[in-house]
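**Student:** TSV, C-alpha atoms, file upload39.tsv:
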chain	number	residue	atom	x	y	z
A	82	MET	CA	32.13	-85.47	-5.40
A	83	SER	CA	30.38	-83.26	-7.98
A	84	ASN	CA	26.77	-83.89	-8.94
A	85	ALA	CA	26.67	-84.86	-12.60
A	86	ASP	CA	24.20	-85.65	-15.34
A	87	GLU	CA	24.34	-88.66	-17.65
A	88	THR	CA	27.16	-87.09	-19.68
A	89	GLY	CA	29.34	-86.70	-16.60
A	90	ALA	CA	29.11	-82.87	-16.58
A	91	PRO	CA	28.35	-81.15	-13.28
A	92	THR	CA	24.72	-80.01	-12.88
A	93	HIS	CA	25.87	-76.83	-11.16
A	94	GLY	CA	29.23	-75.27	-10.45
A	95	VAL	CA	32.27	-76.45	-12.37
A	96	GLY	CA	33.92	-79.79	-12.87
A	97	PRO	CA	37.56	-80.76	-12.26
A	98	TRP	CA	40.14	-78.26	-13.49
A	99	ALA	CA	41.07	-79.02	-17.10
A	100	GLY	CA	44.77	-78.89	-17.90
A	101	GLU	CA	47.69	-77.80	-15.77
A	102	TRP	CA	46.66	-76.67	-12.31
A	103	PRO	CA	47.03	-72.95	-11.51
A	104	ASP	CA	49.60	-71.68	-9.05
A	105	GLY	CA	48.53	-69.92	-5.86
A	106	GLU	CA	47.96	-70.87	-2.26
A	107	GLN	CA	44.32	-69.81	-2.57
A	108	TYR	CA	43.51	-72.91	-4.60
A	109	ASP	CA	42.18	-76.06	-2.94
A	110	PRO	CA	43.74	-79.22	-4.44
A	111	GLU	CA	40.62	-81.29	-3.71
A	112	LEU	CA	38.40	-78.81	-5.53
A	113	LEU	CA	40.78	-78.65	-8.47
A	114	ARG	CA	40.73	-82.43	-8.63
A	115	ASP	CA	37.01	-83.09	-8.02
A	116	GLY	CA	35.29	-79.90	-9.16
A	117	ASP	CA	33.64	-77.05	-7.28
A	118	THR	CA	29.84	-77.12	-6.92
A	119	ARG	CA	29.64	-74.53	-4.14
A	120	ASN	CA	27.38	-71.49	-4.48
A	121	VAL	CA	30.21	-68.99	-5.00
A	122	ILE	CA	30.90	-66.40	-7.68
A	123	ASP	CA	33.32	-67.30	-10.47
A	124	ARG	CA	36.09	-65.24	-8.86
A	125	TYR	CA	36.22	-67.76	-6.00
A	126	ARG	CA	35.95	-71.00	-7.96
A	127	TYR	CA	38.36	-73.62	-6.62
A	128	TRP	CA	39.47	-71.31	-3.77
A	129	ARG	CA	39.94	-72.52	-0.21
A	130	MET	CA	37.28	-71.22	2.17
A	131	ASP	CA	39.74	-69.41	4.44
A	132	LYS	CA	41.19	-67.58	1.42
A	133	ILE	CA	37.73	-66.50	0.29
A	134	ILE	CA	36.99	-65.11	3.75
A	135	ALA	CA	40.34	-63.33	3.87
A	136	ASP	CA	39.69	-61.73	0.49
A	137	LEU	CA	36.18	-60.67	1.50
A	138	ASP	CA	37.63	-59.09	4.64
A	139	THR	CA	39.67	-56.70	2.50
A	140	ARG	CA	36.51	-55.39	0.82
A	141	ARG	CA	33.70	-55.51	3.40
A	142	HIS	CA	31.34	-52.56	3.52
A	143	GLY	CA	30.82	-50.18	6.41
A	144	PHE	CA	27.38	-51.36	7.46
A	145	HIS	CA	26.49	-54.08	9.95
A	146	VAL	CA	23.24	-56.00	10.31
A	147	ALA	CA	21.64	-56.97	13.62
A	148	ILE	CA	18.61	-59.17	14.27
A	149	GLU	CA	16.69	-59.70	17.48
A	150	ASN	CA	16.28	-63.42	18.12
A	151	TRP	CA	13.75	-64.14	20.83
A	152	GLN	CA	11.49	-66.60	19.00
A	153	HIS	CA	13.96	-68.57	16.86
A	154	ASP	CA	12.82	-66.65	13.75
A	155	MET	CA	13.46	-68.63	10.56
A	156	ASN	CA	14.07	-65.38	8.64
A	157	ILE	CA	17.46	-64.92	10.31
A	158	GLY	CA	19.17	-67.34	7.95
A	159	SER	CA	17.81	-65.49	4.92
A	160	ILE	CA	18.99	-62.16	6.35
A	161	VAL	CA	22.47	-63.63	6.85
A	162	ARG	CA	22.43	-64.79	3.22
A	163	SER	CA	21.55	-61.27	2.07
A	164	ALA	CA	24.23	-59.79	4.34
A	165	ASN	CA	26.78	-61.99	2.59
A	166	ALA	CA	25.47	-61.01	-0.85
A	167	PHE	CA	25.74	-57.29	-0.05
A	168	LEU	CA	29.08	-57.74	1.77
A	169	ALA	CA	28.04	-56.57	5.23
A	170	ASP	CA	30.82	-56.19	7.76
A	171	THR	CA	29.21	-58.37	10.45
A	172	VAL	CA	25.86	-59.87	11.40
A	173	HIS	CA	24.89	-59.50	15.05
A	174	ILE	CA	22.43	-61.92	16.66
A	175	VAL	CA	20.78	-60.26	19.68
A	176	GLY	CA	19.05	-62.58	22.15
A	177	ARG	CA	19.14	-66.34	21.79
A	178	ARG	CA	22.47	-67.70	20.59
A	179	ARG	CA	20.96	-70.49	18.50
A	180	TRP	CA	19.33	-69.58	15.21
A	181	ASN	CA	18.01	-71.51	12.23
A	182	ARG	CA	20.82	-71.66	9.68
A	183	ARG	CA	18.88	-73.37	6.93
A	184	GLY	CA	17.95	-70.15	5.16
A	185	ALA	CA	21.58	-69.02	5.13
A	186	MET	CA	22.42	-71.70	2.54
A	187	VAL	CA	25.93	-72.07	4.12
A	188	THR	CA	26.74	-68.38	3.50
A	189	ASP	CA	27.28	-68.04	7.27
A	190	ARG	CA	30.59	-69.82	6.68
A	191	TYR	CA	31.80	-66.73	4.81
A	192	GLN	CA	30.04	-64.09	6.90
A	193	HIS	CA	31.19	-62.84	10.31
A	194	VAL	CA	28.40	-63.55	12.83
A	195	VAL	CA	28.62	-62.50	16.49
A	196	HIS	CA	26.22	-62.91	19.40
A	197	HIS	CA	25.00	-60.47	22.04
A	198	PRO	CA	22.86	-61.88	24.86
A	199	ASP	CA	20.60	-58.82	25.09
A	200	VAL	CA	19.95	-55.37	23.69
A	201	ALA	CA	21.98	-53.68	26.43
A	202	SER	CA	25.17	-55.56	25.53
A	203	PHE	CA	24.59	-54.96	21.82
A	204	ARG	CA	24.12	-51.23	22.42
A	205	ALA	CA	27.29	-51.15	24.54
A	206	TRP	CA	29.23	-52.69	21.64
A	207	CYS	CA	27.80	-50.13	19.19
A	208	ASP	CA	28.63	-47.24	21.52
A	209	ALA	CA	32.19	-48.50	22.00
A	210	GLU	CA	32.67	-48.82	18.23
A	211	GLY	CA	30.96	-45.51	17.45
A	212	VAL	CA	28.44	-47.19	15.16
A	213	PRO	CA	24.93	-45.69	15.17
A	214	ILE	CA	21.95	-48.05	15.37
A	215	ILE	CA	19.27	-47.60	12.71
A	216	ALA	CA	16.06	-49.45	13.55
A	217	VAL	CA	14.13	-50.86	10.60
A	218	ASP	CA	10.46	-50.94	11.61
A	219	ASN	CA	7.33	-49.15	10.46
A	220	VAL	CA	6.86	-47.20	13.69
A	221	GLY	CA	5.29	-43.76	13.88
A	222	ASP	CA	8.43	-41.65	13.41
A	223	ALA	CA	10.15	-43.89	10.84
A	224	VAL	CA	11.52	-42.19	7.71
A	225	PRO	CA	11.19	-43.99	4.35
A	226	VAL	CA	14.55	-45.58	3.54
A	227	ASP	CA	14.86	-43.82	0.18
A	228	ARG	CA	14.73	-40.45	1.96
A	229	ALA	CA	16.52	-41.38	5.18
A	230	GLU	CA	20.10	-40.60	6.08
A	231	LEU	CA	22.17	-43.78	5.89
A	232	PRO	CA	25.66	-43.21	7.33
A	233	GLU	CA	28.63	-44.95	5.75
A	234	ARG	CA	29.21	-46.74	9.07
A	235	CYS	CA	26.06	-47.95	10.79
A	236	VAL	CA	24.18	-51.02	11.92
A	237	PHE	CA	20.70	-51.86	10.66
A	238	LEU	CA	18.62	-53.48	13.39
A	239	PHE	CA	15.75	-55.76	12.36
A	240	GLY	CA	13.03	-57.33	14.47
A	241	GLN	CA	11.30	-60.64	14.25
A	242	GLU	CA	8.55	-61.60	11.86
A	243	GLY	CA	5.28	-60.49	13.41
A	244	PRO	CA	6.13	-58.57	16.59
A	245	GLY	CA	8.89	-56.50	15.01
A	246	LEU	CA	11.47	-54.81	17.22
A	247	SER	CA	11.16	-54.77	20.99
A	248	GLU	CA	10.58	-51.49	22.80
A	249	GLU	CA	14.11	-51.73	24.23
A	250	ALA	CA	15.60	-52.10	20.75
A	251	LEU	CA	13.60	-49.17	19.38
A	252	ALA	CA	14.78	-47.03	22.29
A	253	ALA	CA	18.42	-47.99	21.63
A	254	ALA	CA	18.30	-46.74	18.04
A	255	SER	CA	19.38	-43.26	17.02
A	256	SER	CA	16.99	-43.25	14.06
A	257	HIS	CA	14.14	-45.29	12.60
A	258	ILE	CA	13.51	-46.13	8.95
A	259	GLU	CA	10.83	-47.99	7.05
A	260	ILE	CA	10.16	-49.29	3.55
A	261	THR	CA	7.37	-47.62	1.60
A	262	GLN	CA	4.63	-50.10	0.72
A	263	TYR	CA	1.73	-49.83	-1.71
A	264	GLY	CA	-0.51	-52.82	-1.00
A	265	SER	CA	-2.87	-53.87	1.77
A	266	THR	CA	-0.49	-55.62	4.16
A	267	ARG	CA	0.96	-53.73	7.10
A	268	SER	CA	4.45	-55.23	6.85
A	269	ILE	CA	6.71	-57.21	4.54
A	270	ASN	CA	8.81	-60.27	5.27
A	271	ALA	CA	11.77	-59.46	7.51
A	272	SER	CA	14.33	-61.01	5.19
A	273	ALA	CA	12.88	-59.12	2.21
A	274	ALA	CA	13.07	-55.89	4.21
A	275	GLY	CA	16.70	-56.64	5.01
A	276	ALA	CA	17.59	-57.07	1.35
A	277	VAL	CA	15.86	-53.79	0.38
A	278	VAL	CA	17.67	-51.77	3.05
A	279	MET	CA	21.07	-53.32	2.32
A	280	TYR	CA	20.64	-52.67	-1.39
A	281	GLU	CA	19.76	-49.04	-0.74
A	282	TRP	CA	22.91	-48.61	1.36
A	283	CYS	CA	25.00	-50.20	-1.41
A	284	ARG	CA	23.35	-48.02	-4.07
A	285	ARG	CA	24.65	-44.97	-2.21
A	286	TRP	CA	28.00	-46.14	-0.89
A	287	ALA	CA	29.28	-49.25	-2.66
Re-express the file's structure as structure tokens.
**Tutor:**
Amino acid sequence: MSNADETGAPTHGVGPWAGEWPDGEQYDPELLRDGDTRNVIDRYRYWRMDKIIADLDTRRHGFHVAIENWQHDMNIGSIVRSANAFLADTVHIVGRRRWNRRGAMVTDRYQHVVHHPDVASFRAWCDAEGVPIIAVDNVGDAVPVDRAELPERCVFLFGQEGPGLSEEALAAASSHIEITQYGSTRSINASAAGAVVMYEWCRRWA
């Protein structure tokens, strides 16, 4: 049921469809009847979830996102949310299978997420697919993202908040990039870094 204020109007999203229902198998009868309060763009209002995913699959971008998950980092959910916003092909969780989904705000339902038990298996997948790994970490040889080469097909690999990427992950990457900073802190939040890098890729290729 839709959340509503005292007038009966939904507080977010849209209410029940007014007038004759539209034709099309993408529409969900329950949403047309009850309203759609999901956090989706207007294009997908009243659409069934499987139809939204199918439509996204026709337009996904060439970059992937990978996150090391050794300490159950709460930033993973936020990175998944950004990956959905910037239409990443797939999110790869490297390490622990379980991750905190709260920050994803249910966007993981629309985003392909796969698991790799360790860096070696993740690198094997990338090699088989011909997708270069770009490590995002402010290590010594990292190139600022605005000046770095960002291939049309690639995977951006992020580390955990605090320790950053493991030595094995850094060694698996074909290049290293960083985000130029101007304040006193050594690093920025992992999910914020993810959004910056994904936006820069989209600025060039989308």
**Student:** What's around Arg285 in chain A at 12 Å? Count only C-alpha atoms, leave out sequence neighbours fewer than 3 positions away in its own chain, and write the answer as a ChimeraX atom specification.
**Tutor:** /A:142-144,226-233,278-282
**Student:** I'd like the contact shell of range 252-259 of chain A - 10 Å cut-off, all atoms listed in the file, skipping same-chain residues fewer than 2 positions apart - returned as number ranges by chain.
**Tutor:** A: 200-201, 203-205, 207, 213-231, 236-238, 246-250, 261-262, 268, 274, 278
**Student:** Could you tell me how far CA of His173 in chain A lies from CA of Thr139 in chain A, in Å and to one decimal?
**Tutor:**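 Spanning CA of His173 in chain A to CA of Thr139 in chain A is a straight-line distance of 19.6 Å.
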**Student:** Leaving out Asp109 in chain A and any residue of its chain fewer than 5 positions from it, which residues lie within 9 Å of it when counting all atoms listed in the file, given as a list in words?
**Tutor:** Arg114, Tyr127, Trp128, Arg129 and Met130 of chain A
**Student:** Calculate how many Å separate CA of Thr171 in chain A from CA of Thr188 in chain A, rounding to one decimal.
**Tutor:**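 For CA of Thr171 in chain A relative to CA of Thr188 in chain A, the distance reads 12.4 Å.
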**Student:** So how far away is CA of Phe239 in chain A from CA of Ala164 in chain A, in Å?
**Tutor:**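 It comes out at 12.3 Å.
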**Student:** Choose the residue, out of A:Glu111, A:Ala166, A:Val195, A:Gly245, that has the smallest atom-to-atom separation from Ala276 in chain A; count only C-alpha atoms.
**Tutor:**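 That would be A:Ala166, the residue with the smallest distance to Ala276 in chain A.
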**Student:** Show which residues sit within 12 Å of Arg179 in chain A, as a PyMOL selection string. Count only C-alpha atoms, and ignore same-chain residues fewer than 5 positions away.
**Tutor:** chain A and resi 149-155+157-158+174+194-198
**Student:** I need the chosen residues saved as a PDB file, in the coordinates of the input, with C-alpha atoms.
**Tutor:**
ATOM      1  CA  GLU A 149      16.690 -59.700  17.480  1.00  0.00           C
ATOM      2  CA  ASN A 150      16.280 -63.420  18.120  1.00  0.00           C
ATOM      3  CA  TRP A 151      13.750 -64.140  20.830  1.00  0.00           C
ATOM      4  CA  GLN A 152      11.490 -66.600  19.000  1.00  0.00           C
ATOM      5  CA  HIS A 153      13.960 -68.570  16.860  1.00  0.00           C
ATOM      6  CA  ASP A 154      12.820 -66.650  13.750  1.00  0.00           C
ATOM      7  CA  MET A 155      13.460 -68.630  10.560  1.00  0.00           C
ATOM      8  CA  ILE A 157      17.460 -64.920  10.310  1.00  0.00           C
ATOM      9  CA  GLY A 158      19.170 -67.340   7.950  1.00  0.00           C
ATOM     10  CA  ILE A 174      22.430 -61.920  16.660  1.00  0.00           C
ATOM     11  CA  VAL A 194      28.400 -63.550  12.830  1.00  0.00           C
ATOM     12  CA  VAL A 195      28.620 -62.500  16.490  1.00  0.00           C
ATOM     13  CA  HIS A 196      26.220 -62.910  19.400  1.00  0.00           C
ATOM     14  CA  HIS A 197      25.000 -60.470  22.040  1.00  0.00           C
ATOM     15  CA  PRO A 198      22.860 -61.880  24.860  1.00  0.00           C
TER      16      PRO A 198
END
**Student:** Tell me which of A:Thr118, A:Tyr191, A:Leu112, A:Gly96 sits closest to Lys132 in chain A, counting all atoms listed in the file.
**Tutor:**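 Of the candidates, the smallest distance to Lys132 in chain A is held by A:Tyr191.
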**Student:** Between A:Ala147, A:Gln107, A:Cys235, A:Arg178, which is the closest to Ile133 in chain A once you count only C-alpha atoms?
**Tutor:**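 Ranked by minimum distance to Ile133 in chain A, first place goes to A:Gln107.
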**Student:** Find, counting all atoms listed in the file, the residue in A:Ile148, A:Val175, A:Ile122, A:Leu168 that gets nearest to Cys283 in chain A.
**Tutor:**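 Closest to Cys283 in chain A of all the choices is A:Leu168.
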